[in-house]
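**Student:** My structure is in query.cif, and what it holds is mmCIF, C-alpha atoms:
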```
data_my_file
#
loop_
_atom_site.label_atom_id
_atom_site.label_comp_id
_atom_site.auth_asym_id
_atom_site.auth_seq_id
_atom_site.Cartn_x
_atom_site.Cartn_y
_atom_site.Cartn_z
CA MET A 1 5.65 -35.47 55.98
CA SER A 2 4.95 -36.78 52.50
CA THR A 3 1.73 -35.61 50.89
CA GLY A 4 1.51 -38.76 48.79
CA VAL A 5 1.42 -36.78 45.52
CA GLU A 6 3.68 -38.30 42.87
CA PRO A 7 5.21 -36.46 39.88
CA GLN A 8 3.26 -38.79 37.55
CA GLN A 9 0.02 -37.41 39.00
CA VAL A 10 1.22 -33.89 38.21
CA LEU A 11 2.16 -34.90 34.66
CA ALA A 12 -1.24 -36.49 34.09
CA ARG A 13 -3.05 -33.41 35.38
CA ALA A 14 -0.80 -31.16 33.28
CA ARG A 15 -1.82 -33.02 30.13
CA GLU A 16 -5.48 -32.65 31.10
CA VAL A 17 -5.00 -28.89 31.51
CA VAL A 18 -3.31 -28.58 28.13
CA SER A 19 -6.04 -30.59 26.42
CA SER A 20 -8.79 -28.52 28.06
CA CYS A 21 -7.20 -25.19 27.13
CA THR A 22 -6.14 -26.02 23.58
CA GLY A 23 -8.60 -28.65 22.36
CA PHE A 24 -5.62 -30.79 21.36
CA ARG A 25 -6.21 -34.51 21.18
CA ASP A 26 -4.04 -36.50 23.57
CA THR A 27 -1.65 -37.75 20.89
CA ALA A 28 -0.92 -34.18 19.75
CA ILE A 29 0.38 -33.15 23.18
CA SER A 30 4.12 -33.73 23.40
CA PRO A 31 4.85 -35.75 26.57
CA SER A 32 8.45 -34.53 26.61
CA ALA A 33 7.36 -30.87 26.45
CA VAL A 34 5.00 -31.32 29.40
CA ASP A 35 7.64 -33.30 31.28
CA ARG A 36 10.25 -30.55 30.79
CA VAL A 37 7.98 -27.91 32.31
CA VAL A 38 7.00 -30.02 35.31
CA ARG A 39 10.57 -31.23 35.95
CA ALA A 40 11.87 -27.67 35.78
CA GLU A 41 9.37 -26.59 38.44
CA LEU A 42 10.34 -29.52 40.67
CA ALA A 43 14.02 -28.67 40.19
CA ARG A 44 13.28 -25.16 41.50
CA GLY A 45 12.27 -26.74 44.79
CA ARG A 46 8.53 -26.77 44.37
CA SER A 47 6.67 -29.82 45.64
CA ALA A 48 4.46 -32.07 43.55
CA SER A 49 1.50 -31.18 45.77
CA ASP A 50 2.07 -27.44 45.14
CA LEU A 51 2.13 -28.01 41.38
CA LEU A 52 -0.97 -30.17 41.49
CA ALA A 53 -2.80 -27.51 43.49
CA GLU A 54 -1.80 -24.81 41.00
CA LEU A 55 -3.04 -26.96 38.13
CA GLN A 56 -6.51 -26.98 39.67
CA ARG A 57 -6.75 -23.22 38.98
CA SER A 58 -6.96 -21.52 35.57
CA GLY A 59 -4.82 -18.69 34.26
CA THR A 60 -1.77 -19.53 36.39
CA ALA A 61 1.88 -19.09 35.45
CA LEU A 62 2.29 -22.87 35.32
CA GLU A 63 -0.62 -23.19 32.88
CA ARG A 64 0.91 -20.51 30.64
CA ALA A 65 4.29 -22.26 30.73
CA LEU A 66 2.67 -25.53 29.66
CA LEU A 67 0.83 -23.86 26.78
CA ASP A 68 4.02 -22.13 25.65
CA ALA A 69 5.76 -25.50 25.60
CA VAL A 70 3.20 -27.46 23.57
CA LEU A 71 1.74 -24.96 21.10
CA VAL A 72 2.96 -25.43 17.54
CA GLY A 73 4.34 -22.35 15.74
CA GLU A 74 5.22 -23.66 12.26
CA THR A 75 4.43 -20.90 9.73
CA TYR A 76 5.98 -18.70 7.03
CA PHE A 77 5.05 -15.97 4.55
CA PHE A 78 2.54 -16.90 1.81
CA ARG A 79 2.39 -20.53 2.90
CA HIS A 80 0.17 -22.47 0.44
CA PRO A 81 0.30 -19.71 -2.21
CA GLU A 82 -2.64 -21.20 -4.11
CA GLN A 83 -4.92 -20.07 -1.30
CA PHE A 84 -3.64 -16.50 -1.51
CA ARG A 85 -4.25 -16.57 -5.27
CA PHE A 86 -7.81 -17.70 -4.51
CA LEU A 87 -8.12 -14.85 -2.00
CA ALA A 88 -7.15 -12.33 -4.68
CA ALA A 89 -9.15 -13.87 -7.54
CA GLU A 90 -12.36 -14.94 -5.77
CA ALA A 91 -12.74 -13.75 -2.19
CA VAL A 92 -11.82 -10.10 -2.75
CA PRO A 93 -14.11 -9.60 -5.78
CA ALA A 94 -16.95 -11.24 -3.85
CA ALA A 95 -16.37 -8.86 -0.94
CA LEU A 96 -16.30 -5.87 -3.28
CA ARG A 97 -19.60 -6.92 -4.85
CA ARG A 98 -21.17 -6.75 -1.40
CA GLY A 99 -20.31 -3.07 -1.50
CA GLY A 100 -18.82 -2.47 1.94
CA PRO A 101 -16.18 0.20 2.57
CA VAL A 102 -13.74 -2.30 4.13
CA VAL A 103 -12.49 -5.81 3.39
CA ARG A 104 -11.66 -7.74 6.55
CA GLY A 105 -9.54 -10.85 7.08
CA TRP A 106 -8.80 -13.01 10.11
CA SER A 107 -5.79 -15.26 10.61
CA ALA A 108 -7.04 -17.69 13.28
CA GLY A 109 -4.11 -19.39 15.00
CA CYS A 110 -1.63 -16.94 13.51
CA ALA A 111 1.37 -17.99 15.67
CA SER A 112 4.12 -15.42 15.04
CA GLY A 113 2.10 -13.42 12.51
CA GLU A 114 3.49 -14.32 9.10
CA GLU A 115 0.09 -15.47 7.83
CA ALA A 116 -1.73 -12.37 9.10
CA TYR A 117 0.75 -10.05 7.39
CA SER A 118 0.55 -12.13 4.19
CA ILE A 119 -3.24 -11.73 4.16
CA ALA A 120 -2.86 -7.99 4.72
CA ALA A 121 -0.37 -7.62 1.86
CA CYS A 122 -2.59 -9.68 -0.46
CA LEU A 123 -5.67 -7.60 0.34
CA GLN A 124 -3.79 -4.33 -0.05
CA GLY A 125 -2.49 -5.49 -3.41
CA THR A 126 -5.93 -6.36 -4.78
CA VAL A 127 -8.57 -3.94 -3.42
CA PRO A 128 -9.17 -0.71 -5.35
CA GLN A 129 -8.21 2.67 -3.98
CA GLY A 130 -10.68 3.93 -1.39
CA VAL A 131 -11.48 0.51 0.07
CA ARG A 132 -9.97 -0.06 3.51
CA VAL A 133 -8.27 -3.26 4.62
CA GLU A 134 -8.34 -4.66 8.15
CA VAL A 135 -6.69 -7.89 9.30
CA LEU A 136 -6.89 -9.56 12.70
CA GLY A 137 -4.36 -12.16 13.84
CA THR A 138 -5.25 -14.24 16.89
CA ASP A 139 -3.47 -16.95 18.82
CA LEU A 140 -3.48 -18.56 22.25
CA HIS A 141 0.26 -17.93 22.70
CA GLU A 142 0.83 -14.36 23.93
CA GLY A 143 4.59 -14.60 23.44
CA ARG A 144 4.21 -15.31 19.73
CA LEU A 145 1.73 -12.45 19.42
CA GLU A 146 4.31 -10.09 20.87
CA TYR A 147 6.76 -11.37 18.27
CA ALA A 148 4.15 -10.72 15.58
CA ARG A 149 3.60 -7.16 16.74
CA ARG A 150 7.32 -6.43 16.36
CA GLY A 151 7.12 -7.44 12.71
CA VAL A 152 10.77 -8.43 12.29
CA TYR A 153 11.57 -11.88 10.86
CA GLY A 154 14.48 -14.10 9.91
CA SER A 155 15.10 -16.56 7.10
CA TRP A 156 12.82 -19.25 8.60
CA SER A 157 9.82 -17.07 7.70
CA ARG A 158 10.93 -16.72 4.07
CA ARG A 159 10.94 -19.96 2.08
CA GLU A 160 10.82 -21.04 -1.53
CA ALA A 161 7.50 -22.77 -0.88
CA GLY A 162 6.01 -19.33 -0.13
CA PRO A 163 6.80 -16.97 -3.05
CA LEU A 164 6.56 -13.25 -2.36
CA LEU A 165 3.24 -12.63 -4.11
CA TYR A 166 2.77 -9.01 -2.91
CA PRO A 167 5.03 -6.35 -1.36
CA LEU A 168 5.35 -7.32 2.29
CA TYR A 169 8.71 -6.48 3.89
CA GLN A 170 11.98 -4.64 3.54
CA ASP A 171 15.53 -5.55 4.49
CA ALA A 172 16.61 -4.99 8.09
CA ALA A 173 19.85 -5.57 9.96
CA GLU A 174 21.65 -8.92 10.19
CA GLY A 175 19.85 -10.57 7.30
CA ARG A 176 16.40 -10.03 8.80
CA VAL A 177 13.39 -8.28 7.27
CA SER A 178 10.80 -5.93 8.74
CA ILE A 179 7.17 -5.68 7.69
CA LEU A 180 6.35 -2.62 5.59
CA ASP A 181 4.72 0.16 7.60
CA SER A 182 1.75 0.18 5.22
CA VAL A 183 1.11 -3.51 5.87
CA ARG A 184 1.70 -3.28 9.60
CA ALA A 185 -0.79 -0.40 9.81
CA VAL A 186 -3.76 -2.57 8.79
CA ALA A 187 -2.92 -5.61 10.96
CA ARG A 188 -3.61 -6.04 14.66
CA PHE A 189 -3.20 -8.97 17.02
CA ALA A 190 -5.18 -10.32 19.96
CA GLN A 191 -5.06 -13.36 22.23
CA THR A 192 -8.13 -15.57 21.78
CA ASN A 193 -9.06 -19.24 22.03
CA LEU A 194 -10.70 -21.01 19.08
CA LEU A 195 -12.73 -23.09 21.53
CA GLU A 196 -14.59 -19.92 22.50
CA PRO A 197 -16.64 -17.53 20.33
CA LEU A 198 -14.62 -14.62 18.98
CA PRO A 199 -15.49 -11.55 21.07
CA GLU A 200 -18.02 -9.36 19.25
CA VAL A 201 -15.67 -6.38 19.42
CA HIS A 202 -13.66 -7.99 16.61
CA GLY A 203 -16.62 -8.03 14.21
CA SER A 204 -17.19 -10.29 11.19
CA PHE A 205 -14.89 -11.18 8.32
CA ASP A 206 -14.92 -11.52 4.55
CA VAL A 207 -12.23 -14.20 4.69
CA ILE A 208 -10.81 -16.38 7.46
CA PHE A 209 -7.63 -18.43 7.27
CA CYS A 210 -7.34 -21.25 9.83
CA ARG A 211 -4.71 -23.58 8.45
CA ASN A 212 -2.76 -26.42 10.04
CA VAL A 213 -4.35 -25.65 13.40
CA LEU A 214 -7.32 -27.98 13.61
CA THR A 215 -5.16 -30.96 12.66
CA TYR A 216 -4.03 -31.08 16.31
CA PHE A 217 -7.57 -30.86 17.75
CA SER A 218 -9.77 -33.65 19.05
CA PRO A 219 -12.83 -34.39 16.87
CA ASP A 220 -15.16 -32.61 19.31
CA ALA A 221 -12.87 -29.58 19.49
CA VAL A 222 -12.69 -29.42 15.68
CA GLN A 223 -16.48 -29.12 15.47
CA VAL A 224 -16.60 -26.46 18.19
CA ALA A 225 -13.90 -24.38 16.51
CA LEU A 226 -15.45 -24.73 13.04
CA GLY A 227 -18.77 -23.52 14.42
CA HIS A 228 -17.14 -20.39 15.84
CA LEU A 229 -15.24 -19.75 12.60
CA ALA A 230 -18.34 -20.15 10.42
CA ARG A 231 -20.34 -17.76 12.57
CA ALA A 232 -17.59 -15.13 12.27
CA LEU A 233 -17.96 -15.03 8.48
CA VAL A 234 -20.19 -12.48 6.80
CA PRO A 235 -22.76 -14.07 4.45
CA GLY A 236 -20.84 -14.78 1.27
CA GLY A 237 -17.51 -14.89 3.14
CA PHE A 238 -14.86 -17.59 2.76
CA LEU A 239 -13.06 -19.95 5.16
CA LEU A 240 -9.75 -21.52 4.09
CA LEU A 241 -8.45 -24.54 5.99
CA GLY A 242 -5.35 -26.74 5.90
CA THR A 243 -5.14 -29.65 3.50
CA VAL A 244 -5.91 -32.56 5.86
CA GLU A 245 -8.09 -30.85 8.46
CA VAL A 246 -11.56 -31.73 7.15
CA ASP A 247 -12.82 -34.13 4.48
CA HIS A 248 -16.27 -32.56 4.06
CA PRO A 249 -17.68 -29.02 4.24
CA PRO A 250 -18.18 -27.64 7.76
CA ALA A 251 -21.80 -27.22 8.86
CA GLY A 252 -23.43 -24.19 7.23
CA LEU A 253 -20.72 -23.81 4.56
CA VAL A 254 -20.32 -25.09 1.00
CA ARG A 255 -17.14 -26.12 -0.76
CA VAL A 256 -15.83 -23.84 -3.51
CA GLY A 257 -12.95 -24.45 -5.88
CA PRO A 258 -11.08 -27.76 -6.19
CA PRO A 259 -11.19 -30.00 -3.09
CA GLU A 260 -7.48 -29.73 -2.35
CA LEU A 261 -7.88 -25.95 -2.02
CA GLN A 262 -9.96 -26.51 1.12
CA ALA A 263 -11.99 -23.32 0.56
CA PHE A 264 -15.53 -23.02 1.90
CA ARG A 265 -18.17 -20.31 1.58
CA ARG A 266 -21.03 -19.16 3.78
CA PRO A 267 -24.09 -18.91 1.51
CA LEU A 268 -25.99 -15.64 1.12
CA PRO A 269 -29.46 -15.51 2.74
CA ARG A 270 -31.21 -15.60 -0.63
CA GLU A 271 -29.36 -18.81 -1.46
CA LEU A 272 -30.82 -20.45 1.64
CA THR A 273 -34.45 -19.47 0.96
CA PRO A 274 -36.30 -22.10 -1.10
CA PRO A 275 -38.25 -20.74 -4.10
CA PRO A 276 -41.98 -20.22 -3.43
CA ARG A 277 -44.09 -23.19 -4.39
CA ALA A 278 -46.74 -22.61 -7.00
CA ALA A 279 -50.29 -22.78 -5.67
CA ALA A 280 -51.86 -26.14 -6.43
CA ALA A 281 -54.77 -26.07 -8.85
CA VAL A 282 -58.18 -26.84 -7.34
CA ARG A 283 -59.21 -30.31 -8.40
CA GLU A 284 -62.37 -32.30 -8.12
CA PRO A 285 -62.03 -35.11 -5.60
CA GLU A 286 -61.10 -38.36 -7.29
CA PRO A 287 -62.94 -41.58 -6.60
CA PRO A 288 -61.10 -43.99 -4.34
CA ARG A 289 -58.72 -46.28 -6.11
CA PRO A 290 -58.19 -49.94 -5.33
CA ALA A 291 -55.22 -50.66 -3.17
CA PRO A 292 -52.17 -51.53 -5.27
CA VAL A 293 -50.79 -54.99 -5.22
CA ARG A 294 -47.57 -54.84 -3.25
CA ALA A 295 -44.60 -56.31 -5.03
CA PRO A 296 -42.11 -58.29 -2.99
CA PRO A 297 -39.28 -56.14 -1.63
CA PRO A 298 -36.25 -55.98 -3.90
CA PRO A 299 -33.16 -57.84 -2.81
CA GLN A 300 -30.78 -55.82 -0.66
CA PRO A 301 -27.86 -54.43 -2.66
CA ALA A 302 -24.42 -55.80 -2.00
CA PRO A 303 -22.33 -53.72 0.40
CA SER A 304 -20.56 -50.87 -1.38
CA PRO A 305 -17.43 -49.10 -0.13
CA VAL A 306 -19.29 -45.78 0.06
CA ARG A 307 -22.11 -47.26 2.18
CA LEU A 308 -19.61 -48.82 4.57
CA HIS A 309 -17.65 -45.56 4.69
CA LEU A 310 -20.82 -43.67 5.58
CA GLU A 311 -21.46 -46.16 8.37
CA ALA A 312 -17.97 -45.47 9.71
CA LEU A 313 -18.58 -41.71 9.56
CA GLN A 314 -21.79 -42.13 11.55
CA ARG A 315 -19.85 -44.00 14.22
CA ILE A 316 -17.22 -41.24 14.33
CA GLU A 317 -19.93 -38.59 14.78
CA GLY A 318 -21.34 -40.69 17.63
CA GLY A 319 -17.96 -40.85 19.35
CA ASP A 320 -17.30 -44.52 18.52
CA GLU A 321 -13.94 -44.16 16.78
CA ALA A 322 -12.90 -47.71 17.65
CA GLY A 323 -16.05 -49.07 15.98
CA ALA A 324 -15.44 -46.82 12.98
CA ALA A 325 -11.91 -48.19 12.64
CA THR A 326 -13.28 -51.75 12.69
CA VAL A 327 -15.76 -50.91 9.92
CA LEU A 328 -13.02 -49.30 7.82
CA GLU A 329 -10.72 -52.28 8.31
CA LYS A 330 -13.45 -54.62 7.04
CA LEU A 331 -14.12 -52.20 4.18
CA LEU A 332 -10.49 -52.28 3.06
CA GLN A 333 -10.42 -56.07 3.26
CA GLN A 334 -13.17 -56.12 0.61
CA PHE A 335 -12.11 -53.03 -1.37
CA ARG A 336 -8.33 -52.85 -1.10
CA ASP A 337 -7.91 -49.81 -3.37
CA TYR A 338 -10.64 -47.59 -1.88
CA LEU A 339 -8.68 -44.37 -1.29
CA PRO A 340 -11.28 -42.50 0.82
CA GLY A 341 -11.36 -45.38 3.32
CA MET A 342 -7.56 -45.53 3.50
CA LEU A 343 -7.36 -41.82 4.21
CA GLU A 344 -10.10 -42.00 6.85
CA LEU A 345 -8.49 -44.96 8.62
CA ALA A 346 -5.07 -43.29 8.55
CA LEU A 347 -6.49 -40.21 10.29
CA LEU A 348 -8.21 -42.43 12.89
CA ARG A 349 -4.98 -44.31 13.51
CA GLU A 350 -3.08 -41.06 14.00
CA ARG A 351 -5.70 -39.75 16.45
CA ALA A 352 -5.45 -43.01 18.38
CA GLY A 353 -1.67 -42.58 18.74
CA ALA A 354 -0.72 -45.34 16.26
CA ARG A 355 1.51 -43.07 14.20
CA GLU A 356 3.49 -45.82 12.45
CA ALA A 357 0.28 -47.44 11.20
CA ALA A 358 -1.07 -44.04 10.15
CA PHE A 359 2.08 -43.18 8.21
CA ALA A 360 2.10 -46.57 6.48
CA LEU A 361 -1.48 -46.05 5.32
CA MET A 362 -0.75 -42.49 4.19
CA HIS A 363 2.20 -43.72 2.11
CA THR A 364 -0.19 -46.18 0.45
CA VAL A 365 -2.72 -43.40 -0.19
CA ARG A 366 -0.03 -41.23 -1.76
CA ASP A 367 1.43 -44.03 -3.91
CA ASN A 368 -1.95 -45.26 -5.15
CA ALA A 369 -3.21 -41.74 -5.88
CA ALA A 370 -0.01 -40.91 -7.76
CA ARG A 371 -0.71 -43.77 -10.19
CA LEU A 372 -4.12 -42.34 -11.12
CA PRO A 373 -4.93 -39.44 -13.46
CA PRO A 374 -5.02 -36.33 -11.20
CA ASP A 375 -8.55 -35.34 -12.31
CA LEU A 376 -10.04 -38.83 -12.01
CA ILE A 377 -13.05 -38.56 -9.67
CA ILE A 378 -12.93 -41.09 -6.82
CA GLU A 379 -16.36 -42.08 -5.55
CA GLY A 380 -16.78 -41.59 -1.81
CA PRO A 381 -19.06 -39.81 0.66
CA GLU A 382 -17.99 -36.75 -1.31
CA PRO A 383 -16.69 -37.40 -4.89
CA LEU A 384 -13.15 -35.99 -5.03
CA PRO A 385 -10.37 -36.12 -7.62
CA ALA A 386 -7.30 -38.29 -7.17
CA ARG A 387 -5.14 -35.18 -6.74
CA PHE A 388 -7.00 -34.40 -3.49
CA TYR A 389 -5.82 -37.67 -1.96
CA ARG A 390 -2.27 -37.16 -3.24
CA ALA A 391 -2.15 -33.64 -1.77
CA SER A 392 -3.71 -34.74 1.53
CA ALA A 393 -1.21 -37.58 1.97
CA ASP A 394 1.72 -35.33 1.05
CA ALA A 395 0.62 -32.70 3.59
CA PHE A 396 0.14 -35.31 6.32
CA LEU A 397 3.54 -36.91 5.74
CA THR A 398 5.30 -33.54 5.49
CA LEU A 399 3.70 -32.32 8.71
CA GLY A 400 4.78 -35.49 10.47
CA ALA A 401 8.34 -35.00 9.27
CA ILE A 402 8.38 -31.43 10.63
CA GLU A 403 7.16 -32.61 14.00
#
```
Written as structure tokens, how would this file's structure read?
**Tutor:**
Amino acid sequence: MSTGVEPQQVLARAREVVSSCTGFRDTAISPSAVDRVVRAELARGRSASDLLAELQRSGTALERALLDAVLVGETYFFRHPEQFRFLAAEAVPAALRRGGPVVRGWSAGCASGEEAYSIAACLQGTVPQGVRVEVLGTDLHEGRLEYARRGVYGSWSRREAGPLLYPLYQDAAEGRVSILDSVRAVARFAQTNLLEPLPEVHGSFDVIFCRNVLTYFSPDAVQVALGHLARALVPGGFLLLGTVEVDHPPAGLVRVGPPELQAFRRPLPRELTPPPRAAAAVREPEPPRPAPVRAPPPPQPAPSPVRLHLEALQRIEGGDEAGAATVLEKLLQQFRDYLPGMLELALLRERAGAREAAFALMHTVRDNAARLPPDLIIEGPEPLPARFYRASADAFLTLGAIE
């Protein structure tokens, strides 16, 4: 007798499970990947009702198969080398000034481990003798973590875009490379979820890399993950994110370096304490003064692109992305060349699943930014140079091409 459960119900529930586990927004979950997993289970003779029942429970084999199918594993050694140069030039000296016996790094969303090992090699190449290095790599995908622990990689992990900045690997058989024992010795890997606080057993970190991970998350999930990452930093520690993942500093952190670097720092306690106010001098009471004559209120200023952009951001924070998109559309009708609004609307379009519209806007951002002097400051909610918008659009369009 039919249970009345249709495969489409299973597919819908499967997408809900993936979104709940990963924090991915709906448009970042590949329908074909979910469909392949569900169809394969049905082809094995399982019923739709059995699959739906299994999807009501957590930690099942079907849930793991879905996560394996949809998680993105694009990574390679020393990806975005400018951030590793910042790690060596700024983050390591700051950690050494704090005087601890160990410098600790975390690769959050490490996939198959190339980033974690790159951090380890960079730290080993820059700390003085006698200072220990510890690096943690975490990911939701246990299979990729097992791959990372083996430490053997092919040509896909070695690319011209990621120059070999520090000794990292040696040649192995069949054109592959293996991670140096000295680098492997300071790196360890664990399965964790960025939507949950990092277990206390892992400690705090001087530097955290979380790059090209949050770009797949829903807005709410981004804020949850950023909160966990910020709390895992030691005071004075640094967080490095992917190019298009945030357009303003995460709560509790301050931007450091050029905007396109996407580096943020947790302030030291003394930087958060306001200076003591001087005691007010004792004064004789003054006689009452006549009430001032109130001038008429000044005329309201004409709408500016930044004010309208801030209104759109308030709507986004309140969960009204459709209203924010409407505000940004009106903004761009009045201020056609306002790059911050173009970038914001492109990201909203992409989150809403309108990829063609998002890509068209991003091409416009890139072309318009390329015509401006790279260091020209563009006024927006946060003043940023034109090169930030060029780099953000390039990263967005490149990521889309990879997908």
**Student:** For the structure shown, which residues end up in the PyMOL selection byres ((chain A and resi 17-33) around 9)? Put them as a compact mmCIF listing (two decimals) with C-alpha atoms, in the coordinates of the input, please?
**Tutor:**
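result_25.txt written:
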```txt
# COMPACT_ATOMS: atom_id res chain seq x y z
CA LEU A 11 2.16 -34.90 34.66
CA ALA A 12 -1.24 -36.49 34.09
CA ARG A 13 -3.05 -33.41 35.38
CA ALA A 14 -0.80 -31.16 33.28
CA ARG A 15 -1.82 -33.02 30.13
CA GLU A 16 -5.48 -32.65 31.10
CA VAL A 34 5.00 -31.32 29.40
CA ASP A 35 7.64 -33.30 31.28
CA ARG A 36 10.25 -30.55 30.79
CA VAL A 37 7.98 -27.91 32.31
CA VAL A 38 7.00 -30.02 35.31
CA LEU A 55 -3.04 -26.96 38.13
CA GLN A 56 -6.51 -26.98 39.67
CA SER A 58 -6.96 -21.52 35.57
CA GLU A 63 -0.62 -23.19 32.88
CA LEU A 66 2.67 -25.53 29.66
CA LEU A 67 0.83 -23.86 26.78
CA ALA A 69 5.76 -25.50 25.60
CA VAL A 70 3.20 -27.46 23.57
CA LEU A 71 1.74 -24.96 21.10
CA LEU A 140 -3.48 -18.56 22.25
CA ASN A 193 -9.06 -19.24 22.03
CA LEU A 194 -10.70 -21.01 19.08
CA LEU A 195 -12.73 -23.09 21.53
CA LEU A 214 -7.32 -27.98 13.61
CA THR A 215 -5.16 -30.96 12.66
CA TYR A 216 -4.03 -31.08 16.31
CA PHE A 217 -7.57 -30.86 17.75
CA SER A 218 -9.77 -33.65 19.05
CA PRO A 219 -12.83 -34.39 16.87
CA ASP A 220 -15.16 -32.61 19.31
CA ALA A 221 -12.87 -29.58 19.49
CA VAL A 222 -12.69 -29.42 15.68
CA ALA A 225 -13.90 -24.38 16.51
CA GLU A 350 -3.08 -41.06 14.00
CA ARG A 351 -5.70 -39.75 16.45
CA ALA A 352 -5.45 -43.01 18.38
CA GLY A 353 -1.67 -42.58 18.74
CA ALA A 354 -0.72 -45.34 16.26
```
**Student:** Pick out the closest residue to Gly380 in chain A from this set: A:Cys210, A:Leu308, A:Ala173, A:Ala322. Count all atoms listed in the file.
**Tutor:**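 Closest to Gly380 in chain A of all the choices is A:Leu308.
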**Student:** Using CA of Arg387 in chain A and CA of Arg79 in chain A as the two end points, give the distance in Å to one decimal.
**Tutor:**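 Value for the CA of Arg387 in chain A-CA of Arg79 in chain A distance: 19.1 Å.
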**Student:** I'd like to see the residues matched by the PyMOL selection byres ((chain A and resi 126) around 12) on this file, and ideally I'd get them as a PyMOL selection string.
**Tutor:** chain A and resi 84-93+95-96+103+119-125+127-133+165-167
**Student:** Write a file of the selected residues as an mmCIF file, in the frame of the given file, keeping C-alpha atoms.
**Tutor:**
```cif
data_model
loop_
_atom_site.group_PDB
_atom_site.id
_atom_site.type_symbol
_atom_site.label_atom_id
_atom_site.label_comp_id
_atom_site.auth_asym_id
_atom_site.auth_seq_id
_atom_site.Cartn_x
_atom_site.Cartn_y
_atom_site.Cartn_z
ATOM 1 C CA PHE A 84 -3.640 -16.500 -1.510
ATOM 2 C CA ARG A 85 -4.250 -16.570 -5.270
ATOM 3 C CA PHE A 86 -7.810 -17.700 -4.510
ATOM 4 C CA LEU A 87 -8.120 -14.850 -2.000
ATOM 5 C CA ALA A 88 -7.150 -12.330 -4.680
ATOM 6 C CA ALA A 89 -9.150 -13.870 -7.540
ATOM 7 C CA GLU A 90 -12.360 -14.940 -5.770
ATOM 8 C CA ALA A 91 -12.740 -13.750 -2.190
ATOM 9 C CA VAL A 92 -11.820 -10.100 -2.750
ATOM 10 C CA PRO A 93 -14.110 -9.600 -5.780
ATOM 11 C CA ALA A 95 -16.370 -8.860 -0.940
ATOM 12 C CA LEU A 96 -16.300 -5.870 -3.280
ATOM 13 C CA VAL A 103 -12.490 -5.810 3.390
ATOM 14 C CA ILE A 119 -3.240 -11.730 4.160
ATOM 15 C CA ALA A 120 -2.860 -7.990 4.720
ATOM 16 C CA ALA A 121 -0.370 -7.620 1.860
ATOM 17 C CA CYS A 122 -2.590 -9.680 -0.460
ATOM 18 C CA LEU A 123 -5.670 -7.600 0.340
ATOM 19 C CA GLN A 124 -3.790 -4.330 -0.050
ATOM 20 C CA GLY A 125 -2.490 -5.490 -3.410
ATOM 21 C CA VAL A 127 -8.570 -3.940 -3.420
ATOM 22 C CA PRO A 128 -9.170 -0.710 -5.350
ATOM 23 C CA GLN A 129 -8.210 2.670 -3.980
ATOM 24 C CA GLY A 130 -10.680 3.930 -1.390
ATOM 25 C CA VAL A 131 -11.480 0.510 0.070
ATOM 26 C CA ARG A 132 -9.970 -0.060 3.510
ATOM 27 C CA VAL A 133 -8.270 -3.260 4.620
ATOM 28 C CA LEU A 165 3.240 -12.630 -4.110
ATOM 29 C CA TYR A 166 2.770 -9.010 -2.910
ATOM 30 C CA PRO A 167 5.030 -6.350 -1.360
#
```
**Student:** Neighbours of Ala386 in chain A within 6 Å (all atoms listed in the file; same-chain residues fewer than 6 positions away dropped), as number ranges by chain?
**Tutor:** A: 369, 374, 376
**Student:** Got a sec: who's within 6 Å of Ala187 in chain A, counting all atoms listed in the file, leaving out chain neighbours fewer than 3 positions off, as a PyMOL selection string?
**Tutor:** chain A and resi 135-136+184
